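See structure below.
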Amino acid sequence: MAGDPRAWISGDESAAAMLSRLQASRPALLVPPLHRVPLRTGNVVEIAGPSHSGKSQVLLEAAMHCILPKEWKGTHFGGLEKIVVYFDLDCRFDVLRLSNALRIRIMDSYGLACNALLEFKEGSHKDDSKDADICPFDDELFFACMRRFLYIRCYSTLEFLAALKTMHHQMLKEYEALGVKSHFLIIDSIGAYHWIDRSCQPSTLGDNRRKGLSLQCLTEAVVHEIRNLLRTHPMLVLATKATIFGVGTSSNDRQRTVGKHLLQDTIGSMTSTKETQQHQYHRTATDIGDKASPIYTSEWVLPQLNHLDKFVIRDDGIFMLP
């Protein structure tokens, strides 16, 4: 019987062989330094750290991994070929930075394929003058990737709320146009308007109608819209949050600092147990070790892995250090 579980149990494929087969057929969901925790759509990852600790670069790497294809015209890129929804709340995103990094990534992948082809031709002693332009830059691939990057810039919490309310129809239009679904919801940075909203708190003696603009009401409204969006469009959420801790902070102190005023705390108090399990939360903390020679660090604090990853940032991406 085709659905007989005994046939599956008696299979001759080992666990190691199964994992190897799945890794070969499915690209990784996230690239380093976010690769150590198994994640799926519906999860929320908070990337916390001080300014200039590599948080936005981590988001950029994840975005490029999502919009790049797994394979294009015989060249392997290892991407997901999905849409990224990128909310820029800090208003610091530089599209030229994404464009240059994406071009370098494409040229690097084509460069590996070209080197392999040239080595093969040298080994077979073939001489073909047409090979001079064998690896031109592929504008078609570049524009296809950029088309899958959906960028939204907001200047206030109210604009963020308005954008979230319209995202369902916008994502349906993108799906009809491109034929692929959205996979990442990226928010940089989730606490961008906290102090502005806090300073604009309505007076307790004022009009009760202004209570709708209180910090708690605004936060709950944002969480409500994100939850509604994830119900109709399941995505992996990546959100950065600036924290105040510096070099030399212990892991315990860092975990306590990251745990304050989290988006998770608000959603956790508003959702049922079933929804909380569906939208599982993870936290990772980034920092910079030495500003003279910028080596960045990343450490998972939820779940707590007790492992510190080190990486450097170059024009062509993030590179892990041993």
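Naming works like this for the structure tokens: A, B, ... for the chains as they're shown, residue 1 at the start of each chain, ligands 1 onward in shown order.
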
Shell around Thr157 (chain A) at 9 Å using only C-alpha atoms, local window under 2 positions removed, as a ChimeraX atom specification: /A:89,154-155,159-162,192-194,197,218-219,222

Output of the above residues as a short mmCIF file (atom, residue, chain, number, x, y, z; two decimals), in the first residue's frame, restricted to N, CA, C and O atoms:
```cif
data_model
loop_
_atom_site.label_atom_id
_atom_site.label_comp_id
_atom_site.auth_asym_id
_atom_site.auth_seq_id
_atom_site.Cartn_x
_atom_site.Cartn_y
_atom_site.Cartn_z
N LEU A 89 12.26 51.35 8.83
CA LEU A 89 11.71 52.30 9.80
C LEU A 89 12.78 53.27 10.28
O LEU A 89 12.45 54.34 10.78
N CYS A 154 8.93 54.00 6.06
CA CYS A 154 7.93 54.66 6.89
C CYS A 154 8.63 55.68 7.79
O CYS A 154 9.78 55.48 8.19
N TYR A 155 7.91 56.74 8.12
CA TYR A 155 8.47 57.82 8.93
C TYR A 155 7.79 57.97 10.29
O TYR A 155 8.17 58.84 11.06
N GLU A 159 2.31 55.67 9.87
CA GLU A 159 2.61 55.25 8.50
C GLU A 159 2.90 53.76 8.45
O GLU A 159 2.52 53.08 7.49
N PHE A 160 3.59 53.24 9.46
CA PHE A 160 3.86 51.81 9.53
C PHE A 160 2.57 51.02 9.61
O PHE A 160 2.38 50.00 8.92
N LEU A 161 1.63 51.49 10.43
CA LEU A 161 0.32 50.83 10.54
C LEU A 161 -0.42 50.86 9.21
O LEU A 161 -1.00 49.84 8.79
N ALA A 162 -0.42 52.02 8.55
CA ALA A 162 -1.12 52.13 7.28
C ALA A 162 -0.52 51.19 6.24
O ALA A 162 -1.25 50.56 5.46
N ALA A 192 12.14 51.84 16.27
CA ALA A 192 12.60 53.13 15.75
C ALA A 192 11.79 54.30 16.29
O ALA A 192 12.33 55.40 16.49
N TYR A 193 10.49 54.10 16.54
CA TYR A 193 9.63 55.22 16.93
C TYR A 193 9.24 55.18 18.42
O TYR A 193 8.33 55.89 18.83
N HIS A 194 9.93 54.34 19.19
CA HIS A 194 9.53 54.16 20.59
C HIS A 194 9.57 55.47 21.37
O HIS A 194 8.59 55.85 22.03
N ASP A 197 6.98 58.12 20.05
CA ASP A 197 5.62 57.81 20.50
C ASP A 197 5.47 58.01 22.00
O ASP A 197 4.41 58.45 22.47
N LEU A 218 -0.78 51.94 20.30
CA LEU A 218 -0.06 51.89 19.04
C LEU A 218 0.71 50.58 18.88
O LEU A 218 0.71 49.96 17.81
N THR A 219 1.35 50.16 19.97
CA THR A 219 2.11 48.90 19.92
C THR A 219 1.19 47.72 19.68
O THR A 219 1.48 46.83 18.85
N VAL A 222 0.10 47.65 16.03
CA VAL A 222 1.15 47.12 15.14
C VAL A 222 1.22 45.61 15.23
O VAL A 222 1.27 44.90 14.21
#
```

Residue list (helix (DSSP H, G or I), DSSP) for region 25-203 of chain A, as a ChimeraX atom specification: /A:25,55-67,95-123,129-133,139-147,157-178,194-199

Spatial neighbours of region 27-41 of chain A, max dist 10 Å, only C-alpha atoms, sep filter under 4 positions, as a ChimeraX atom specification: /A:22-23,45,47,58-59,61-66,69-70,77-80,183-185,230,233-237,278-282,284,286,297-300,302-303,305,307-311,318-320

Coordinates-based distance that separates CA of Gln216 (chain A) from CA of Lys55 (chain A) (Å, one decimal):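 Distance reported for this atom pair: 26.0 Å.
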
Minimum-distance residue to Asp287 (chain A), chosen among A:Ile104, A:Gly42, A:Pro50, A:Gly179 (using only C-alpha atoms): A:Pro50

Dump as CSV the rows for residues of region 83-108 of chain A within 12 Å of region 166-177 of chain A: closest atom pair and distance in Å with one decimal, only C-alpha atoms counted, ordered by chain and rising residue number.
```
residue,atom,partner,partner_atom,distance
A:Ile83,CA,A:Glu174,CA,8.4
A:Val84,CA,A:Met171,CA,10.1
A:Val85,CA,A:Met171,CA,8.7
A:Tyr86,CA,A:Met167,CA,11.3
A:Phe87,CA,A:Met167,CA,11.0
```

Near-Leu60 (chain A) list (12 Å; only C-alpha atoms; drop same-chain fewer than 6 positions) as number ranges by chain: A: 30-32, 54, 66-67, 84-86, 88, 93-102, 149, 184, 186-188, 238-240, 313, 315-318

CA of Trp195 (chain A) to CA of Ser156 (chain A), distance in Å rounded to a single decimal: 11.2 Å

Atomic separation - CA of Lys241 (chain A) relative to CA of His52 (chain A), Å: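 Those two atoms sit 11.9 Å apart.
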
A:Val301, A:Cys200, A:Cys91, A:Val44 ranked by distance to Ile152 (chain A), top pick (using only C-alpha atoms): A:Cys91
